[in-house]
file my_file22.cif (mmCIF, N, CA and C atoms)
data_model
loop_
_atom_site.label_atom_id
_atom_site.label_comp_id
_atom_site.auth_asym_id
_atom_site.auth_seq_id
_atom_site.Cartn_x
_atom_site.Cartn_y
_atom_site.Cartn_z
N MET A 1 -15.16 8.96 -3.31
CA MET A 1 -13.94 8.76 -4.07
C MET A 1 -13.35 7.38 -3.73
N LYS A 2 -12.81 6.76 -4.72
CA LYS A 2 -12.20 5.45 -4.54
C LYS A 2 -10.83 5.56 -3.87
N TYR A 3 -10.07 6.60 -4.23
CA TYR A 3 -8.71 6.76 -3.76
C TYR A 3 -8.60 7.88 -2.73
N SER A 4 -7.67 7.71 -1.80
CA SER A 4 -7.33 8.81 -0.90
C SER A 4 -5.84 9.12 -1.12
N PHE A 5 -5.49 10.37 -0.89
CA PHE A 5 -4.15 10.86 -1.20
C PHE A 5 -3.53 11.51 0.02
N GLU A 6 -2.23 11.35 0.14
CA GLU A 6 -1.44 12.00 1.19
C GLU A 6 -0.11 12.41 0.56
N ILE A 7 0.34 13.61 0.86
CA ILE A 7 1.60 14.08 0.29
C ILE A 7 2.61 14.33 1.40
N LYS A 8 3.82 13.84 1.19
CA LYS A 8 4.95 14.14 2.07
C LYS A 8 5.85 15.08 1.29
N LYS A 9 5.84 16.33 1.71
CA LYS A 9 6.49 17.38 0.94
C LYS A 9 8.01 17.40 1.13
N ASN A 10 8.66 17.81 0.05
CA ASN A 10 10.10 18.09 0.04
C ASN A 10 10.95 16.95 0.57
N ILE A 11 10.69 15.75 0.09
CA ILE A 11 11.54 14.64 0.52
C ILE A 11 12.94 14.78 -0.07
N HIS A 12 13.03 15.49 -1.19
CA HIS A 12 14.32 15.85 -1.77
C HIS A 12 14.11 17.10 -2.62
N MET A 13 14.54 18.21 -2.10
CA MET A 13 14.41 19.52 -2.76
C MET A 13 12.96 19.78 -3.14
N TYR A 14 12.64 19.79 -4.43
CA TYR A 14 11.27 20.10 -4.88
C TYR A 14 10.48 18.85 -5.22
N ASN A 15 10.95 17.71 -4.77
CA ASN A 15 10.26 16.44 -5.01
C ASN A 15 9.46 16.06 -3.77
N HIS A 16 8.30 15.52 -4.00
CA HIS A 16 7.39 15.13 -2.94
C HIS A 16 6.99 13.67 -3.16
N LEU A 17 6.63 12.99 -2.09
CA LEU A 17 6.13 11.64 -2.19
C LEU A 17 4.61 11.69 -2.07
N LEU A 18 3.94 11.23 -3.11
CA LEU A 18 2.48 11.16 -3.07
C LEU A 18 2.09 9.71 -2.82
N ILE A 19 1.32 9.52 -1.76
CA ILE A 19 0.85 8.19 -1.37
C ILE A 19 -0.64 8.12 -1.68
N CYS A 20 -1.01 7.08 -2.35
CA CYS A 20 -2.40 6.88 -2.77
C CYS A 20 -2.84 5.51 -2.25
N THR A 21 -3.99 5.46 -1.62
CA THR A 21 -4.53 4.18 -1.16
C THR A 21 -5.97 4.04 -1.63
N ASP A 22 -6.38 2.78 -1.80
CA ASP A 22 -7.77 2.52 -2.18
C ASP A 22 -8.46 1.60 -1.17
N GLY A 23 -7.91 1.52 0.03
CA GLY A 23 -8.47 0.66 1.06
C GLY A 23 -7.83 -0.71 1.09
N GLU A 24 -7.35 -1.18 -0.03
CA GLU A 24 -6.70 -2.49 -0.11
C GLU A 24 -5.23 -2.38 -0.48
N SER A 25 -4.93 -1.47 -1.38
CA SER A 25 -3.56 -1.34 -1.90
C SER A 25 -3.03 0.06 -1.64
N ARG A 26 -1.71 0.14 -1.62
CA ARG A 26 -1.01 1.43 -1.43
C ARG A 26 -0.11 1.63 -2.64
N TYR A 27 -0.19 2.82 -3.21
CA TYR A 27 0.62 3.18 -4.38
C TYR A 27 1.40 4.43 -4.01
N GLU A 28 2.67 4.49 -4.40
CA GLU A 28 3.52 5.64 -4.11
C GLU A 28 4.27 6.07 -5.36
N ALA A 29 4.47 7.36 -5.49
CA ALA A 29 5.28 7.87 -6.59
C ALA A 29 5.75 9.28 -6.22
N ILE A 30 6.81 9.67 -6.86
CA ILE A 30 7.34 11.02 -6.70
C ILE A 30 6.55 11.97 -7.59
N CYS A 31 6.21 13.12 -7.05
CA CYS A 31 5.68 14.22 -7.86
C CYS A 31 6.60 15.40 -7.62
N GLU A 32 6.45 16.43 -8.40
CA GLU A 32 7.43 17.51 -8.39
C GLU A 32 6.73 18.86 -8.44
N SER A 33 7.26 19.82 -7.72
CA SER A 33 6.77 21.20 -7.82
C SER A 33 7.25 21.79 -9.14
N ALA A 34 6.36 22.48 -9.82
CA ALA A 34 6.72 23.15 -11.07
C ALA A 34 7.16 24.58 -10.77
N PRO A 35 8.09 25.12 -11.55
CA PRO A 35 8.55 26.49 -11.34
C PRO A 35 7.57 27.49 -11.95
N THR A 36 6.40 27.60 -11.35
CA THR A 36 5.36 28.50 -11.83
C THR A 36 4.95 29.45 -10.71
N VAL A 37 4.24 30.50 -11.08
CA VAL A 37 3.75 31.46 -10.08
C VAL A 37 2.74 30.77 -9.17
N GLU A 38 1.82 30.01 -9.75
CA GLU A 38 0.82 29.28 -8.98
C GLU A 38 1.46 28.03 -8.37
N LYS A 39 0.92 27.57 -7.26
CA LYS A 39 1.39 26.30 -6.69
C LYS A 39 0.97 25.19 -7.65
N THR A 40 1.93 24.56 -8.29
CA THR A 40 1.65 23.56 -9.31
C THR A 40 2.47 22.31 -9.04
N LEU A 41 1.80 21.16 -9.15
CA LEU A 41 2.47 19.87 -9.02
C LEU A 41 2.45 19.14 -10.35
N ILE A 42 3.53 18.45 -10.63
CA ILE A 42 3.65 17.65 -11.85
C ILE A 42 3.55 16.18 -11.45
N PHE A 43 2.67 15.45 -12.15
CA PHE A 43 2.45 14.03 -11.86
C PHE A 43 2.74 13.19 -13.10
N TRP A 44 3.25 11.99 -12.86
CA TRP A 44 3.43 10.97 -13.88
C TRP A 44 2.61 9.76 -13.43
N PRO A 45 1.35 9.65 -13.85
CA PRO A 45 0.48 8.58 -13.35
C PRO A 45 1.04 7.17 -13.53
N ASP A 46 1.81 6.94 -14.59
CA ASP A 46 2.36 5.60 -14.81
C ASP A 46 3.28 5.16 -13.67
N ASP A 47 3.88 6.11 -12.96
CA ASP A 47 4.78 5.78 -11.86
C ASP A 47 4.06 5.10 -10.69
N PHE A 48 2.76 5.31 -10.58
CA PHE A 48 2.00 4.72 -9.48
C PHE A 48 1.70 3.23 -9.70
N LYS A 49 1.76 2.80 -10.96
CA LYS A 49 1.45 1.42 -11.31
C LYS A 49 0.04 1.02 -10.88
N ILE A 50 -0.89 1.94 -11.09
CA ILE A 50 -2.31 1.68 -10.84
C ILE A 50 -2.78 0.65 -11.87
N PRO A 51 -3.68 -0.26 -11.50
CA PRO A 51 -4.20 -1.20 -12.49
C PRO A 51 -4.80 -0.46 -13.69
N PRO A 52 -4.53 -0.93 -14.90
CA PRO A 52 -5.00 -0.23 -16.11
C PRO A 52 -6.50 0.07 -16.13
N ASP A 53 -7.31 -0.81 -15.58
CA ASP A 53 -8.76 -0.58 -15.57
C ASP A 53 -9.15 0.62 -14.70
N ASP A 54 -8.29 1.02 -13.77
CA ASP A 54 -8.60 2.13 -12.86
C ASP A 54 -7.92 3.43 -13.25
N ARG A 55 -7.17 3.43 -14.32
CA ARG A 55 -6.38 4.61 -14.70
C ARG A 55 -7.21 5.88 -14.83
N GLU A 56 -8.32 5.82 -15.54
CA GLU A 56 -9.15 7.03 -15.73
C GLU A 56 -9.72 7.53 -14.40
N ILE A 57 -10.18 6.61 -13.57
CA ILE A 57 -10.73 7.00 -12.27
C ILE A 57 -9.63 7.63 -11.43
N PHE A 58 -8.46 7.00 -11.42
CA PHE A 58 -7.34 7.51 -10.65
C PHE A 58 -6.96 8.93 -11.08
N ILE A 59 -6.81 9.16 -12.36
CA ILE A 59 -6.43 10.49 -12.85
C ILE A 59 -7.50 11.52 -12.53
N SER A 60 -8.75 11.17 -12.69
CA SER A 60 -9.84 12.09 -12.36
C SER A 60 -9.80 12.47 -10.88
N GLU A 61 -9.62 11.49 -10.02
CA GLU A 61 -9.58 11.77 -8.59
C GLU A 61 -8.31 12.50 -8.19
N LEU A 62 -7.21 12.23 -8.85
CA LEU A 62 -5.96 12.96 -8.61
C LEU A 62 -6.14 14.45 -8.93
N LYS A 63 -6.81 14.73 -10.03
CA LYS A 63 -7.08 16.13 -10.40
C LYS A 63 -7.97 16.81 -9.36
N LYS A 64 -9.03 16.13 -8.93
CA LYS A 64 -9.95 16.70 -7.91
C LYS A 64 -9.20 16.94 -6.60
N TRP A 65 -8.37 15.99 -6.20
CA TRP A 65 -7.61 16.15 -4.96
C TRP A 65 -6.67 17.34 -5.08
N SER A 66 -5.98 17.46 -6.19
CA SER A 66 -5.04 18.58 -6.39
C SER A 66 -5.73 19.91 -6.21
N VAL A 67 -6.86 20.07 -6.87
CA VAL A 67 -7.61 21.33 -6.77
C VAL A 67 -8.08 21.56 -5.34
N SER A 68 -8.55 20.50 -4.67
CA SER A 68 -9.04 20.65 -3.29
C SER A 68 -7.92 21.08 -2.34
N GLN A 69 -6.67 20.79 -2.69
CA GLN A 69 -5.53 21.16 -1.87
C GLN A 69 -4.92 22.51 -2.27
N GLY A 70 -5.51 23.15 -3.28
CA GLY A 70 -5.03 24.45 -3.72
C GLY A 70 -3.92 24.40 -4.75
N TYR A 71 -3.74 23.26 -5.40
CA TYR A 71 -2.70 23.11 -6.42
C TYR A 71 -3.27 23.14 -7.83
N GLN A 72 -2.52 23.75 -8.72
CA GLN A 72 -2.70 23.51 -10.14
C GLN A 72 -1.98 22.20 -10.40
N TYR A 73 -2.20 21.58 -11.54
CA TYR A 73 -1.53 20.31 -11.81
C TYR A 73 -1.15 20.20 -13.27
N ILE A 74 -0.13 19.39 -13.49
CA ILE A 74 0.30 19.01 -14.83
C ILE A 74 0.39 17.49 -14.81
N ILE A 75 -0.30 16.85 -15.74
CA ILE A 75 -0.28 15.39 -15.85
C ILE A 75 0.57 15.05 -17.07
N ASN A 76 1.67 14.35 -16.85
CA ASN A 76 2.56 13.96 -17.95
C ASN A 76 2.38 12.48 -18.26
N GLU A 77 2.50 12.17 -19.52
CA GLU A 77 2.46 10.77 -19.95
C GLU A 77 3.81 10.12 -19.71
N GLY A 78 3.82 8.81 -19.67
CA GLY A 78 5.06 8.08 -19.50
C GLY A 78 5.49 8.03 -18.05
N ARG A 79 6.76 7.76 -17.87
CA ARG A 79 7.31 7.61 -16.53
C ARG A 79 8.11 8.86 -16.17
N GLY A 80 8.11 9.18 -14.90
CA GLY A 80 8.85 10.34 -14.43
C GLY A 80 10.17 9.97 -13.83
N ARG A 81 10.22 9.97 -12.56
CA ARG A 81 11.46 9.75 -11.82
C ARG A 81 11.73 8.30 -11.67
#

call {"tool": "encode", "arguments": {"input": "my_file22.cif", "output": "structure tokens"}}
result
Amino acid sequence: MKYSFEIKKNIHMYNHLLICTDGESRYEAICESAPTVEKTLIFWPDDFKIPPDDREIFISELKKWSVSQGYQYIINEGRGR
């Protein structure tokens, strides 16, 4: 995987800080717990400001990481917080 992920949970209520690194750069954005039965996180990929050429790779790896951590996920377009 190109990216590695780390989550700092509950930095403010149901908001979490997701930190993404690719060995050279560090990207951070807020993600949010969804009010669902399953553990679900909501992401706004545009908030990370990942280079446009890496967007598809980033989203694919974000989905794989979410599942590996036991989360369902929702990917929203546009900007979040």

call {"tool": "closest_residue", "arguments": {"input": "my_file22.cif", "among": "A:Ser33, A:Ser60, A:Ser25, A:Gln72", "to": "Met13 (chain A)", "atoms": "only C-alpha atoms"}}
result
A:Ser33

call {"tool": "select_by_dssp", "arguments": {"input": "my_file22.cif", "residues": "chain A", "states": "helix (DSSP H, G or I)", "output": "list in words"}}
result
Pro45, Asp46, Asp47, Phe48, Pro52, Asp53, Asp54, Arg55, Glu56, Ile57, Phe58, Ile59, Ser60, Glu61, Leu62, Lys63, Lys64, Trp65, Ser66, Val67 and Ser68 of chain A

call {"tool": "resolve_selection", "arguments": {"input": "my_file22.cif", "expression": "the PyMOL selection byres (((chain A and resi 48 and name CA) around 6) and name CA)", "output": "PyMOL selection string"}}
result
chain A and resi 27-29+45-47+49-50

call {"tool": "write_last_selection", "arguments": {"input": "my_file22.cif", "atoms": "N, CA and C atoms", "output": "PDB file, in the frame of the given file"}}
result
ATOM      1  N   TYR A  27      -0.190   2.820  -3.210  1.00  0.00           N
ATOM      2  CA  TYR A  27       0.620   3.180  -4.380  1.00  0.00           C
ATOM      3  C   TYR A  27       1.400   4.430  -4.010  1.00  0.00           C
ATOM      4  N   GLU A  28       2.670   4.490  -4.400  1.00  0.00           N
ATOM      5  CA  GLU A  28       3.520   5.640  -4.110  1.00  0.00           C
ATOM      6  C   GLU A  28       4.270   6.070  -5.360  1.00  0.00           C
ATOM      7  N   ALA A  29       4.470   7.360  -5.490  1.00  0.00           N
ATOM      8  CA  ALA A  29       5.280   7.870  -6.590  1.00  0.00           C
ATOM      9  C   ALA A  29       5.750   9.280  -6.220  1.00  0.00           C
ATOM     10  N   PRO A  45       1.350   9.650 -13.850  1.00  0.00           N
ATOM     11  CA  PRO A  45       0.480   8.580 -13.350  1.00  0.00           C
ATOM     12  C   PRO A  45       1.040   7.170 -13.530  1.00  0.00           C
ATOM     13  N   ASP A  46       1.810   6.940 -14.590  1.00  0.00           N
ATOM     14  CA  ASP A  46       2.360   5.600 -14.810  1.00  0.00           C
ATOM     15  C   ASP A  46       3.280   5.160 -13.670  1.00  0.00           C
ATOM     16  N   ASP A  47       3.880   6.110 -12.960  1.00  0.00           N
ATOM     17  CA  ASP A  47       4.780   5.780 -11.860  1.00  0.00           C
ATOM     18  C   ASP A  47       4.060   5.100 -10.690  1.00  0.00           C
ATOM     19  N   LYS A  49       1.760   2.800 -10.960  1.00  0.00           N
ATOM     20  CA  LYS A  49       1.450   1.420 -11.310  1.00  0.00           C
ATOM     21  C   LYS A  49       0.040   1.020 -10.880  1.00  0.00           C
ATOM     22  N   ILE A  50      -0.890   1.940 -11.090  1.00  0.00           N
ATOM     23  CA  ILE A  50      -2.310   1.680 -10.840  1.00  0.00           C
ATOM     24  C   ILE A  50      -2.780   0.650 -11.870  1.00  0.00           C
TER      25      ILE A  50
END

call {"tool": "residues_around", "arguments": {"input": "my_file22.cif", "residues": "Tyr14 (chain A)", "least_positions_apart": "2", "cutoff": "8 Å", "atoms": "all atoms listed in the file", "output": "MDAnalysis selection string"}}
result
chainID A and resid 9:12 16:17 31:34

call {"tool": "closest_residue", "arguments": {"input": "my_file22.cif", "among": "A:Ser68, A:Thr36, A:Arg55, A:Ile30", "to": "Gly80 (chain A)", "atoms": "only N, CA and C atoms"}}
result
A:Ile30

call {"tool": "atom_distance", "arguments": {"input": "my_file22.cif", "atom1": "CA of Gly78 (chain A)", "atom2": "CA of Met1 (chain A)"}}
result
24.5 Å

call {"tool": "residues_around", "arguments": {"input": "my_file22.cif", "residues": "Asp22 (chain A)", "least_positions_apart": "3", "cutoff": "6 Å", "atoms": "all atoms listed in the file", "output": "VMD selection string"}}
result
chain A and resid 2 to 4 25 to 26

call {"tool": "write_last_selection", "arguments": {"input": "my_file22.cif", "atoms": "N, CA and C atoms", "output": "PDB file, keeping the file's coordinate frame"}}
result
ATOM      1  N   LYS A   2     -12.810   6.760  -4.720  1.00  0.00           N
ATOM      2  CA  LYS A   2     -12.200   5.450  -4.540  1.00  0.00           C
ATOM      3  C   LYS A   2     -10.830   5.560  -3.870  1.00  0.00           C
ATOM      4  N   TYR A   3     -10.070   6.600  -4.230  1.00  0.00           N
ATOM      5  CA  TYR A   3      -8.710   6.760  -3.760  1.00  0.00           C
ATOM      6  C   TYR A   3      -8.600   7.880  -2.730  1.00  0.00           C
ATOM      7  N   SER A   4      -7.670   7.710  -1.800  1.00  0.00           N
ATOM      8  CA  SER A   4      -7.330   8.810  -0.900  1.00  0.00           C
ATOM      9  C   SER A   4      -5.840   9.120  -1.120  1.00  0.00           C
ATOM     10  N   SER A  25      -4.930  -1.470  -1.380  1.00  0.00           N
ATOM     11  CA  SER A  25      -3.560  -1.340  -1.900  1.00  0.00           C
ATOM     12  C   SER A  25      -3.030   0.060  -1.640  1.00  0.00           C
ATOM     13  N   ARG A  26      -1.710   0.140  -1.620  1.00  0.00           N
ATOM     14  CA  ARG A  26      -1.010   1.430  -1.430  1.00  0.00           C
ATOM     15  C   ARG A  26      -0.110   1.630  -2.640  1.00  0.00           C
TER      16      ARG A  26
END

call {"tool": "atom_distance", "arguments": {"input": "my_file22.cif", "atom1": "atom N of Ile42 (chain A)", "atom2": "atom N of Tyr71 (chain A)"}}
result
10.2 Å
